[in-house]
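**Q** One structure is given below, represented as structure tokens, and several questions about it will come after.
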Amino acid sequence: MSDTENTNDETLDIGEVPQSPIVIHAQYLKDLSFENPNAPVSLQGSNTPPEVDINISVDSVRLKHDTLKDFFEVILTVEATAMREGKTLFITELKYGAAVSLHGVEESRHHPILFVEVPRTLFPFARMILSEATQNGGFTPLQLAMVDFRAMYFKRFGDDVNKNKS
């Protein structure tokens, strides 16, 4: 569109906008735990970098709703444990959730949407919360790399997904 064309909303007819197939009604922190069991000793500097073990999982449950047929809760769980020389620096667990409805989506597509697409949306928020929690605990902020939720999905449900396609 050129600068000289009329962009007045009254003349712009975009037609009826369809409802998004995925609606996130709410995102929320369901649970957050941070343990710093060996403080203040664990906060002393060291030339040895910590070993950090990170586990990420996704779960979903169907919820009852008065007006929405396909209404779900999706929970993204991230657990991280940092160790140095056999001593625990910190342990943290985050459960970050969303209330989600699906519209006009075939039942067979619900599962991958709930376990891949929704967690992709939630992850940046969960990553930010964990980064701030570790920093507030006295450590360098934990910076999680992006997660391939599609690969996680196929690793967890691969055989079941392939059987359903047959």
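Each chain in the structure tokens gets a letter, A, B, ..., in the order shown, and its residues are numbered from 1; ligands are numbered from 1 in order too.
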Env of stretch 131-142 of chain A: 9 Å cut, atoms = only C-alpha atoms, seq-sep filter 5 positions within chain, self excluded. Answer as a ChimeraX atom specification.

**A** /A:32-36,43,89-90,92,126

**Q** Counting only C-alpha atoms, which residue out of A:Ser20, A:Ser42, A:Thr48, A:Gln27 sits closest to A:Glu73?

**A** A:Gln27

**Q** To test your reading of the structure, identify every residue in stretch 56-120 of chain A that backbone DSSP assigns to alpha helix (DSSP H), and report it as a list in words.

**A**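 Filtering stretch 56-120 of chain A down to alpha helix (DSSP H) leaves Glu107, Ser108, Arg109, His110, His111, Pro112, Val118, Pro119 and Arg120 of chain A.
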
**Q** Out of A:Ala39, A:Val58, A:Thr121, A:Ile129, which residue has the shortest atom-to-atom distance to A:Tyr153 when counting only C-alpha atoms?

**A**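 Result for the nearest residue to A:Tyr153: A:Val58.
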
**Q** Got a sec to tell me which of stretch 12-81 of chain A DSSP assigns to strand (DSSP E), as an MDAnalysis selection string?

**A** chainID A and resid 22:35 51:62 71:81

**Q** For the residues selected in the previous step, produce a file with C-alpha atoms as a compact mmCIF listing (two decimals), in the first residue's frame.

**A**
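Now in result_18.txt:
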```txt
# COMPACT_ATOMS: atom_id res chain seq x y z
CA ILE A 22 -6.26 -21.85 19.38
CA VAL A 23 -7.41 -19.45 22.08
CA ILE A 24 -5.32 -19.03 25.21
CA HIS A 25 -7.77 -17.70 27.79
CA ALA A 26 -5.22 -17.39 30.60
CA GLN A 27 -1.56 -18.05 31.33
CA TYR A 28 -0.48 -18.50 34.91
CA LEU A 29 2.21 -19.55 37.29
CA LYS A 30 0.82 -22.72 38.87
CA ASP A 31 3.81 -23.60 41.05
CA LEU A 32 7.33 -22.29 41.58
CA SER A 33 9.90 -23.75 43.93
CA PHE A 34 13.46 -22.58 44.41
CA GLU A 35 15.85 -24.18 46.90
CA GLU A 51 26.70 -28.76 36.01
CA VAL A 52 23.04 -28.04 35.33
CA ASP A 53 20.54 -30.83 34.72
CA ILE A 54 17.32 -29.63 33.08
CA ASN A 55 14.14 -31.64 32.54
CA ILE A 56 11.15 -30.32 30.61
CA SER A 57 7.76 -31.96 30.29
CA VAL A 58 4.27 -31.08 29.06
CA ASP A 59 0.92 -32.40 30.24
CA SER A 60 -2.63 -31.59 29.29
CA VAL A 61 -6.07 -32.35 30.71
CA ARG A 62 -9.53 -31.66 29.37
CA PHE A 71 -11.34 -26.63 26.76
CA PHE A 72 -7.99 -27.76 28.22
CA GLU A 73 -5.31 -26.99 30.75
CA VAL A 74 -1.75 -27.32 29.46
CA ILE A 75 1.08 -27.43 32.02
CA LEU A 76 4.71 -26.86 31.05
CA THR A 77 7.03 -28.16 33.77
CA VAL A 78 10.70 -27.22 33.93
CA GLU A 79 13.00 -28.67 36.59
CA ALA A 80 16.62 -27.59 36.95
CA THR A 81 19.31 -28.74 39.36
```

**Q** Can you measure atom CA of A:Thr88 to atom CA of A:Gly45 for me? One decimal in Å is fine.

**A**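 Straight-line distance from atom CA of A:Thr88 to atom CA of A:Gly45 works out to 14.3 Å.
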
**Q** Do you know which residues are at most 10 Å from A:Pro124 counting only C-alpha atoms, after dropping those on the same chain fewer than 3 positions away, and could you put them as number ranges by chain?

**A** A: 119-121, 127-129, 144-147

**Q** Output N, CA and C atoms for every residue in the selection just made, as a compact mmCIF listing (two decimals), in the first residue's frame.

**A**
```
# COMPACT_ATOMS: atom_id res chain seq x y z
N PRO A 119 2.81 -25.27 24.17
CA PRO A 119 4.07 -25.09 24.91
C PRO A 119 5.04 -24.12 24.23
N ARG A 120 5.03 -24.07 22.90
CA ARG A 120 5.88 -23.09 22.20
C ARG A 120 5.53 -21.67 22.62
N THR A 121 4.25 -21.44 22.83
CA THR A 121 3.79 -20.11 23.24
C THR A 121 4.14 -19.84 24.70
N ARG A 127 10.69 -19.45 30.70
CA ARG A 127 12.13 -19.21 30.67
C ARG A 127 12.48 -17.93 31.43
N MET A 128 11.68 -16.89 31.24
CA MET A 128 11.92 -15.62 31.91
C MET A 128 11.75 -15.77 33.44
N ILE A 129 10.72 -16.48 33.86
CA ILE A 129 10.47 -16.68 35.29
C ILE A 129 11.63 -17.44 35.94
N LEU A 144 17.80 -20.69 29.53
CA LEU A 144 17.43 -21.91 28.82
C LEU A 144 17.46 -21.69 27.32
N ALA A 145 18.00 -22.65 26.59
CA ALA A 145 17.97 -22.61 25.13
C ALA A 145 16.56 -22.92 24.66
N MET A 146 16.24 -22.53 23.45
CA MET A 146 14.93 -22.85 22.89
C MET A 146 14.75 -24.37 22.88
N VAL A 147 13.51 -24.80 23.00
CA VAL A 147 13.19 -26.21 23.06
C VAL A 147 12.43 -26.61 21.80
```

**Q** Fewer than 6 positions away in the same chain doesn't count, so skip those; otherwise give me all residues within 10 Å of A:Val116, counting only C-alpha atoms, as an MDAnalysis selection string.

**A** chainID A and resid 58 148:154

**Q** Neighbours of A:Leu102 within 10 Å (only C-alpha atoms; same-chain residues fewer than 2 positions away dropped), as a ChimeraX atom specification?

**A** /A:19-24,68-72,100,104-107,109-110,113-114
